[in-house]
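> Dropping the structure in here first, questions after.
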Number of protein chains: 2
Amino acid sequence: MAIPRILTEYRALIASGLSRALAGDSPLYPVLRYHVGLADEHGTPADRLGKLLRPSLVLFTAAALGTDTARALPAAVALELIHNFSLIHDDIQDGDSVRRGRPTVWKLYGTAQGINAGDLMETIAIREAIAADPRLAAALVSATAEMIAGQALDLTYETREAAVDEYLEMIDKKTGALIRCAFDLGGIVAEADSDTRAGLTALGAALGRAFQIRDDILGIWGNDAITGKPHGSDIRRKKKSLPVVIGLTRATGSDRDRLLSAYNQHQLTAADVTAVVEVLERLGVREASEQMAVAYLNQARDAVAQLGFNADDAGRMTELIDYLARRQK
Amino acid sequence: MAIPRILTEYRALIASGLSRALAGDSPLYPVLRYHVGLADEHGTPADRLGKLLRPSLVLFTAAALGTDTARALPAAVALELIHNFSLIHDDIQDGDSVRRGRPTVWKLYGTAQGINAGDLMETIAIREAIAADPRLAAALVSATAEMIAGQALDLTYETREAAVDEYLEMIDKKTGALIRCAFDLGGIVAEADSDTRAGLTALGAALGRAFQIRDDILGIWGNDAITGKPHGSDIRRKKKSLPVVIGLTRATGSDRDRLLSAYNQHQLTAADVTAVVEVLERLGVREASEQMAVAYLNQARDAVAQLGFNADDAGRMTELIDYLARRQK
């Protein structure tokens, strides 16, 4: 599957912006450069950057609205750094040892330094945004607070059942906040009018939901060699990802007993994970999850049509949406 | 010992500002209010705020330079929140279960939610500063990055010896950054000229060093019932606090062997702690540390004299300096 142009065209520009923002001399900076994939653990330059979805969306949006991408670069970099700060702390919270096929920061440098690294990454992100334009910083900080509230909700769901609407509220914060923010930052840089800003928010909201639902599907049925994460890890750590939420809603009788008995344990075994996946598949949960993702991708397509991008830009965004619908990592 | 006026006059104002900034409805907000001492763990309003040194310094400085304290309140609150964000994460990093005589956030809510709580506290702090004045936010974020770099240095010193000048560099960042920032924020709000700003920075730098050195002394010889922290905890967790740094510099022969053998262990026992303290006392380390604190307090007094505050304000600041010289917690 070809990588969509939105995710390729801006990579070099974003990488240069990240390099500049993370060029500091405290002992933590090499840790930050390692995490984002600009360097390996020995400090040797590397090209292990992730998808760069969020900063690419900032730059695309600014460009589609007629602004020079260079003007939007600080906002794009700041947003990518916020995303990466959350990943560093996430990996500590979830005890994950591997991300994008490499050891996580806490695994290499310890939990205490991992907490510091995330803290510094957030601080640098906001510093970059303030220096560029305080309005960008205000939008970024607001989205960051919402994302953290979403992380907190996600954790509380590990110890209780959640309905589908509670799940959606949680992912709108945890994942949606930064995706909507990407479009919002692009709109601010381009001085977009309020109708356009509202349209961008609608696009971001739909795309954010579809993105997280796809992530949840890959978290259970993804190929670990491609995702870079261990298979079934979402189930093992009792995440109420969409398939589990739907599964608990649908399951009755012995299926429900089996799900609850697995989730009531302190730790799930490999056999529990297999049993849970077996129940979810029998209940048609995978198809139901895929259908929800498709519905939000269609909402995103509608939002693009409303925005009145030129044909070329609309084509690029549609290409990205199609890619996100089928992505394997 | 009477509490100096700088630490009493602004408490009600700061408490009201903290209440307003922490009035949110995500499940994390009660955790933040608990941590700063506005509420107990059941959400019942409480008055367990700490010393409020940093925000009091912001308000005092603004007032001494002729500005209304209300105008400086957002900066004062933002700085206190940054300080508290660092304490929440610090307690996780150090594994401390008790702060100000109460269970720490991670102890009550778990490590994962503790990380989120600190992250949200930092984010709210910067949000408040941006809303008040982007120049305040830029100064705050710069001090925050420096503080985190200091925390990272402090951690690296746990596994190696540090010289006194390295120790000073570390505390200038870890502790000094926010104390200097308190004076800096007051100066920004009051639109102080560059000479005054430089004088304020000198005062903050001296006060920051004296404050941390006093903290280090209390960390070994403090009364736990007063400090609210377990006795000898700095030694038990191998912090290179000033007494230990000086001790390692002075110790020779069997004294040095005893210190190194204690610090080379994975974990120090209660007997190790007693042995370390005994060596430090015999080497006159406590007196040497006290003398360094006194020297920086004298520097602070000189800086006050240079600043040309009126007699009343100079008296208040001197009163605070005298208090910090003798504080027991």
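We label chains A, B, ... in the order they appear in the structure tokens, count residues from 1 in each chain, and number ligands from 1 in the order shown.
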Kindly determine which residues of chain B lie within 7 Å of chain A, considering only C-alpha atoms, and give the answer as a list in words.

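For chain B, the answer reads Ser26, Leu28, Gln93, Ala112, Gln113, Asn116, Leu120, Thr123, Arg127, Ile130, Pro134, Ala138, Val141, Ala145, Ile148, Ala149 and Ala152 of chain B.
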
> Create the file for the chosen residues now, containing N, CA and C atoms and written as a PDB file, in the first residue's frame.


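The result, written out as result14.pdb:
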```pdb
ATOM      1  N   SER B  26     -12.495  17.104  35.126  1.00  0.00           N
ATOM      2  CA  SER B  26     -11.963  15.777  34.818  1.00  0.00           C
ATOM      3  C   SER B  26     -11.660  15.079  36.152  1.00  0.00           C
ATOM      4  N   LEU B  28      -9.187  13.979  37.270  1.00  0.00           N
ATOM      5  CA  LEU B  28      -7.858  14.269  37.821  1.00  0.00           C
ATOM      6  C   LEU B  28      -7.849  15.511  38.711  1.00  0.00           C
ATOM      7  N   GLN B  93       9.496   9.402  41.380  1.00  0.00           N
ATOM      8  CA  GLN B  93      10.879   9.067  41.048  1.00  0.00           C
ATOM      9  C   GLN B  93      11.640   8.581  42.275  1.00  0.00           C
ATOM     10  N   ALA B 112       0.616   5.423  37.624  1.00  0.00           N
ATOM     11  CA  ALA B 112       0.150   5.869  36.308  1.00  0.00           C
ATOM     12  C   ALA B 112      -0.678   7.145  36.448  1.00  0.00           C
ATOM     13  N   GLN B 113      -1.618   7.163  37.397  1.00  0.00           N
ATOM     14  CA  GLN B 113      -2.441   8.365  37.584  1.00  0.00           C
ATOM     15  C   GLN B 113      -1.578   9.499  38.158  1.00  0.00           C
ATOM     16  N   ASN B 116       0.002  11.195  35.237  1.00  0.00           N
ATOM     17  CA  ASN B 116      -1.016  12.050  34.599  1.00  0.00           C
ATOM     18  C   ASN B 116      -1.275  13.319  35.407  1.00  0.00           C
ATOM     19  N   LEU B 120      -0.838  17.039  34.006  1.00  0.00           N
ATOM     20  CA  LEU B 120      -1.939  18.008  33.913  1.00  0.00           C
ATOM     21  C   LEU B 120      -1.604  19.275  34.700  1.00  0.00           C
ATOM     22  N   THR B 123       0.568  21.438  32.648  1.00  0.00           N
ATOM     23  CA  THR B 123      -0.179  21.995  31.528  1.00  0.00           C
ATOM     24  C   THR B 123      -1.072  23.148  31.985  1.00  0.00           C
ATOM     25  N   ARG B 127      -0.950  27.084  30.915  1.00  0.00           N
ATOM     26  CA  ARG B 127      -2.191  27.688  30.396  1.00  0.00           C
ATOM     27  C   ARG B 127      -2.491  29.004  31.123  1.00  0.00           C
ATOM     28  N   ILE B 130       0.039  31.691  29.983  1.00  0.00           N
ATOM     29  CA  ILE B 130      -0.208  32.188  28.618  1.00  0.00           C
ATOM     30  C   ILE B 130      -1.391  33.142  28.621  1.00  0.00           C
ATOM     31  N   PRO B 134       1.988  36.273  27.533  1.00  0.00           N
ATOM     32  CA  PRO B 134       2.925  35.308  26.940  1.00  0.00           C
ATOM     33  C   PRO B 134       4.375  35.496  27.416  1.00  0.00           C
ATOM     34  N   ALA B 138       6.682  32.507  28.694  1.00  0.00           N
ATOM     35  CA  ALA B 138       8.005  32.185  28.140  1.00  0.00           C
ATOM     36  C   ALA B 138       9.032  32.053  29.266  1.00  0.00           C
ATOM     37  N   VAL B 141       8.278  28.764  31.248  1.00  0.00           N
ATOM     38  CA  VAL B 141       8.613  27.552  30.516  1.00  0.00           C
ATOM     39  C   VAL B 141      10.134  27.371  30.469  1.00  0.00           C
ATOM     40  N   ALA B 145      12.075  24.116  32.020  1.00  0.00           N
ATOM     41  CA  ALA B 145      13.027  23.260  31.299  1.00  0.00           C
ATOM     42  C   ALA B 145      14.334  23.145  32.082  1.00  0.00           C
ATOM     43  N   ILE B 148      13.868  20.804  35.083  1.00  0.00           N
ATOM     44  CA  ILE B 148      13.845  19.383  34.707  1.00  0.00           C
ATOM     45  C   ILE B 148      15.257  18.898  34.392  1.00  0.00           C
ATOM     46  N   ALA B 149      16.040  19.736  33.718  1.00  0.00           N
ATOM     47  CA  ALA B 149      17.440  19.366  33.455  1.00  0.00           C
ATOM     48  C   ALA B 149      18.173  19.150  34.782  1.00  0.00           C
ATOM     49  N   ALA B 152      17.272  15.815  36.209  1.00  0.00           N
ATOM     50  CA  ALA B 152      17.968  14.752  35.480  1.00  0.00           C
ATOM     51  C   ALA B 152      19.412  14.637  35.963  1.00  0.00           C
TER      52      ALA B 152
END
```

> Return as a PyMOL selection string the full set of residues in region 65-290 of chain B whose backbone-based DSSP assignment is strand (DSSP E).

chain B and resi 98-99+102-103

> Can you work out which one of A:Thr44, A:Thr104, A:Thr69, A:Gln299 has the shortest atom-to-atom distance to Gly17 (chain A), counting only C-alpha atoms?

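Of A:Thr44, A:Thr104, A:Thr69, A:Gln299, the one nearest Gly17 (chain A), counting only C-alpha atoms, is A:Thr69.
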
> Could you tell me how far CA of Gly253 (chain B) lies from CA of Arg214 (chain B), in Å and to one decimal?

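Pair CA of Gly253 (chain B) / CA of Arg214 (chain B) returns 28.5 Å.
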
> Contacts of Phe60 (chain B) at 12 Å or less, counting only C-alpha atoms, minus same-chain residues fewer than 2 places along, as a PyMOL selection string?

chain B and resi 5-11+14+52-58+62-73+76+182-187+189-190+200+309+312-314+316-317+320

> Take the residues from that selection and write them out as a compact mmCIF listing (two decimals), in the first residue's frame, keeping N, CA and C atoms.


```
# COMPACT_ATOMS: atom_id res chain seq x y z
N ARG B 5 6.42 37.85 57.36
CA ARG B 5 5.22 38.42 56.74
C ARG B 5 5.07 38.04 55.27
N ILE B 6 6.20 37.94 54.56
CA ILE B 6 6.08 37.60 53.13
C ILE B 6 5.35 36.27 52.94
N LEU B 7 5.52 35.36 53.91
CA LEU B 7 4.88 34.04 53.78
C LEU B 7 3.47 33.99 54.36
N THR B 8 3.01 35.06 54.98
CA THR B 8 1.65 35.03 55.54
C THR B 8 0.69 35.96 54.79
N GLU B 9 1.21 37.12 54.37
CA GLU B 9 0.31 38.16 53.84
C GLU B 9 -0.46 37.75 52.59
N TYR B 10 0.14 36.89 51.78
CA TYR B 10 -0.47 36.60 50.48
C TYR B 10 -1.17 35.24 50.43
N ARG B 11 -1.16 34.52 51.56
CA ARG B 11 -1.68 33.14 51.54
C ARG B 11 -3.13 33.04 51.05
N ILE B 14 -3.32 33.71 47.32
CA ILE B 14 -2.77 32.59 46.54
C ILE B 14 -3.72 31.39 46.58
N LEU B 52 4.26 27.98 50.30
CA LEU B 52 3.91 28.95 49.23
C LEU B 52 5.02 29.99 49.05
N LEU B 53 6.27 29.54 49.21
CA LEU B 53 7.40 30.46 49.09
C LEU B 53 7.45 31.15 47.72
N ARG B 54 7.37 30.32 46.66
CA ARG B 54 7.58 30.89 45.32
C ARG B 54 6.50 31.88 44.91
N PRO B 55 5.21 31.54 45.06
CA PRO B 55 4.19 32.53 44.69
C PRO B 55 4.23 33.77 45.59
N SER B 56 4.59 33.57 46.85
CA SER B 56 4.68 34.73 47.75
C SER B 56 5.78 35.67 47.27
N LEU B 57 6.88 35.09 46.77
CA LEU B 57 7.97 35.92 46.26
C LEU B 57 7.54 36.68 45.01
N VAL B 58 6.75 36.05 44.15
CA VAL B 58 6.25 36.75 42.96
C VAL B 58 5.45 37.98 43.38
N ALA B 62 6.42 42.00 42.90
CA ALA B 62 5.57 42.90 42.13
C ALA B 62 5.14 44.08 42.99
N ALA B 63 4.76 43.80 44.25
CA ALA B 63 4.30 44.86 45.15
C ALA B 63 5.44 45.81 45.48
N ALA B 64 6.62 45.25 45.76
CA ALA B 64 7.77 46.09 46.13
C ALA B 64 8.17 47.00 44.97
N LEU B 65 7.87 46.56 43.75
CA LEU B 65 8.19 47.38 42.57
C LEU B 65 7.02 48.25 42.16
N GLY B 66 6.00 48.32 43.03
CA GLY B 66 4.94 49.29 42.82
C GLY B 66 3.75 48.81 42.02
N THR B 67 3.63 47.49 41.84
CA THR B 67 2.50 46.97 41.06
C THR B 67 1.47 46.33 41.99
N ASP B 68 0.24 46.39 41.60
CA ASP B 68 -0.85 45.77 42.34
C ASP B 68 -0.64 44.24 42.36
N THR B 69 -0.77 43.64 43.55
CA THR B 69 -0.53 42.19 43.64
C THR B 69 -1.52 41.40 42.80
N ALA B 70 -2.74 41.90 42.66
CA ALA B 70 -3.75 41.15 41.88
C ALA B 70 -3.26 40.91 40.45
N ARG B 71 -2.53 41.88 39.90
CA ARG B 71 -2.03 41.72 38.54
C ARG B 71 -0.99 40.61 38.44
N ALA B 72 -0.30 40.35 39.56
CA ALA B 72 0.75 39.33 39.55
C ALA B 72 0.24 37.95 39.94
N LEU B 73 -1.04 37.88 40.34
CA LEU B 73 -1.55 36.60 40.86
C LEU B 73 -1.47 35.44 39.86
N ALA B 76 1.95 34.11 39.86
CA ALA B 76 2.26 33.46 41.13
C ALA B 76 1.65 32.06 41.18
N ALA B 182 10.66 33.21 40.29
CA ALA B 182 9.70 33.95 41.12
C ALA B 182 9.99 35.45 41.04
N PHE B 183 11.26 35.81 41.23
CA PHE B 183 11.64 37.23 41.17
C PHE B 183 11.50 37.76 39.74
N ASP B 184 11.83 36.90 38.79
CA ASP B 184 11.76 37.30 37.39
C ASP B 184 10.31 37.62 36.99
N LEU B 185 9.39 36.75 37.39
CA LEU B 185 7.98 36.98 37.06
C LEU B 185 7.48 38.27 37.70
N GLY B 186 7.86 38.50 38.96
CA GLY B 186 7.48 39.75 39.62
C GLY B 186 8.01 40.95 38.85
N GLY B 187 9.25 40.85 38.39
CA GLY B 187 9.87 41.93 37.63
C GLY B 187 9.19 42.16 36.29
N VAL B 189 5.98 41.45 35.54
CA VAL B 189 4.66 42.06 35.79
C VAL B 189 4.82 43.55 36.07
N ALA B 190 5.87 43.89 36.84
CA ALA B 190 6.09 45.30 37.22
C ALA B 190 6.82 46.09 36.15
N LEU B 200 17.34 41.32 40.83
CA LEU B 200 16.39 40.31 41.28
C LEU B 200 16.92 38.90 41.02
N PHE B 309 15.02 48.62 47.54
CA PHE B 309 13.64 48.54 48.04
C PHE B 309 13.46 49.61 49.11
N ASP B 312 10.65 49.41 54.48
CA ASP B 312 9.67 48.41 54.90
C ASP B 312 9.83 47.12 54.11
N ASP B 313 9.93 47.23 52.78
CA ASP B 313 10.06 46.03 51.94
C ASP B 313 11.40 45.34 52.16
N ALA B 314 12.46 46.14 52.32
CA ALA B 314 13.78 45.55 52.59
C ALA B 314 13.71 44.78 53.91
N ARG B 316 11.07 43.33 55.24
CA ARG B 316 10.33 42.09 55.03
C ARG B 316 11.20 41.02 54.39
N MET B 317 11.97 41.42 53.39
CA MET B 317 12.80 40.43 52.70
C MET B 317 13.89 39.92 53.65
N LEU B 320 12.48 37.38 55.87
CA LEU B 320 12.34 36.08 55.19
C LEU B 320 13.69 35.36 55.13
```

> Please report the interatomic distance between CA of Tyr296 (chain B) and CA of Ile220 (chain B) in Å with one decimal.

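According to the coordinates, CA of Tyr296 (chain B) and CA of Ile220 (chain B) are separated by 19.9 Å.
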
> Can you pull out every residue within 12 Å of Gly50 (chain A), counting only C-alpha atoms, but drop anything in the same chain fewer than 5 positions away, and send it as a VMD selection string?

chain A and resid 7 to 8 11 14 to 15 34 to 38 55 to 56 80 to 81 83 to 84 87 99 to 102 227 to 228 329

> Could you write those residues out with N, CA and C atoms, as a short mmCIF file (atom, residue, chain, number, x, y, z; two decimals), in the first residue's frame?


```
data_model
loop_
_atom_site.label_atom_id
_atom_site.label_comp_id
_atom_site.auth_asym_id
_atom_site.auth_seq_id
_atom_site.Cartn_x
_atom_site.Cartn_y
_atom_site.Cartn_z
N LEU A 7 1.72 12.19 4.03
CA LEU A 7 2.67 11.64 5.01
C LEU A 7 4.10 11.56 4.48
N THR A 8 4.31 11.89 3.22
CA THR A 8 5.68 11.83 2.70
C THR A 8 6.26 13.21 2.39
N ARG A 11 8.03 15.18 5.40
CA ARG A 11 8.89 14.47 6.35
C ARG A 11 10.23 15.17 6.58
N ILE A 14 9.79 18.39 8.57
CA ILE A 14 9.47 18.12 9.98
C ILE A 14 10.71 17.60 10.71
N ALA A 15 11.46 16.71 10.05
CA ALA A 15 12.67 16.17 10.69
C ALA A 15 13.64 17.30 11.01
N TYR A 34 16.59 10.20 20.80
CA TYR A 34 16.40 8.75 20.65
C TYR A 34 14.91 8.44 20.51
N HIS A 35 14.13 9.00 21.43
CA HIS A 35 12.71 8.64 21.43
C HIS A 35 12.01 8.98 20.12
N VAL A 36 12.25 10.20 19.61
CA VAL A 36 11.52 10.56 18.38
C VAL A 36 12.09 9.84 17.16
N GLY A 37 13.27 9.24 17.31
CA GLY A 37 13.82 8.47 16.21
C GLY A 37 14.82 9.23 15.37
N LEU A 38 15.31 10.38 15.88
CA LEU A 38 16.37 11.12 15.18
C LEU A 38 17.74 10.50 15.41
N PRO A 55 1.96 16.37 12.73
CA PRO A 55 2.61 17.55 12.12
C PRO A 55 2.35 17.64 10.62
N SER A 56 2.22 16.49 9.95
CA SER A 56 1.92 16.53 8.52
C SER A 56 0.56 17.16 8.28
N GLU A 80 3.97 17.58 17.37
CA GLU A 80 4.61 16.26 17.33
C GLU A 80 5.34 15.99 18.66
N LEU A 81 5.93 17.02 19.24
CA LEU A 81 6.63 16.85 20.53
C LEU A 81 5.63 16.54 21.64
N HIS A 83 2.80 15.00 21.24
CA HIS A 83 2.43 13.59 21.01
C HIS A 83 3.51 12.67 21.58
N ASN A 84 4.75 13.01 21.33
CA ASN A 84 5.85 12.15 21.79
C ASN A 84 6.04 12.19 23.30
N LEU A 87 3.65 9.73 24.56
CA LEU A 87 4.07 8.34 24.32
C LEU A 87 5.11 7.89 25.35
N ARG A 99 8.53 0.03 21.47
CA ARG A 99 7.72 0.95 20.65
C ARG A 99 8.41 1.11 19.30
N ARG A 100 7.63 1.03 18.25
CA ARG A 100 8.17 1.10 16.88
C ARG A 100 9.38 0.17 16.72
N GLY A 101 9.29 -1.00 17.36
CA GLY A 101 10.35 -2.00 17.22
C GLY A 101 11.63 -1.69 17.98
N ARG A 102 11.62 -0.65 18.85
CA ARG A 102 12.83 -0.32 19.61
C ARG A 102 12.50 -0.29 21.10
N THR A 227 3.27 -3.87 13.39
CA THR A 227 2.90 -2.80 14.32
C THR A 227 4.07 -2.43 15.24
N GLY A 228 5.00 -3.37 15.46
CA GLY A 228 6.12 -3.11 16.38
C GLY A 228 5.71 -3.26 17.84
N LYS A 329 -0.27 -0.54 10.56
CA LYS A 329 0.54 -0.13 11.72
C LYS A 329 0.25 1.31 12.06
#
```

> Find the spatial neighbours of Arg282 (chain A), counting only C-alpha atoms, within a cut-off of 12 Å - ignore same-chain residues fewer than 4 positions away - and output them as a PyMOL selection string.

chain A and resi 243+247+250-251+255+275-278+286-288

> Using only C-alpha atoms, which protein or nucleic acid residues come within 12 Å of Thr269 (chain A)? Drop anything in the same chain fewer than 3 positions from it, and give the result as a list in words.

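The residues that qualify are Gly232, Ser233, Ile235, Arg236, Arg237, Lys238, Ser261, Ala262, Tyr263, Gln265, His266, Asp272, Val273, Thr274, Ala275 and Val276 of chain A.
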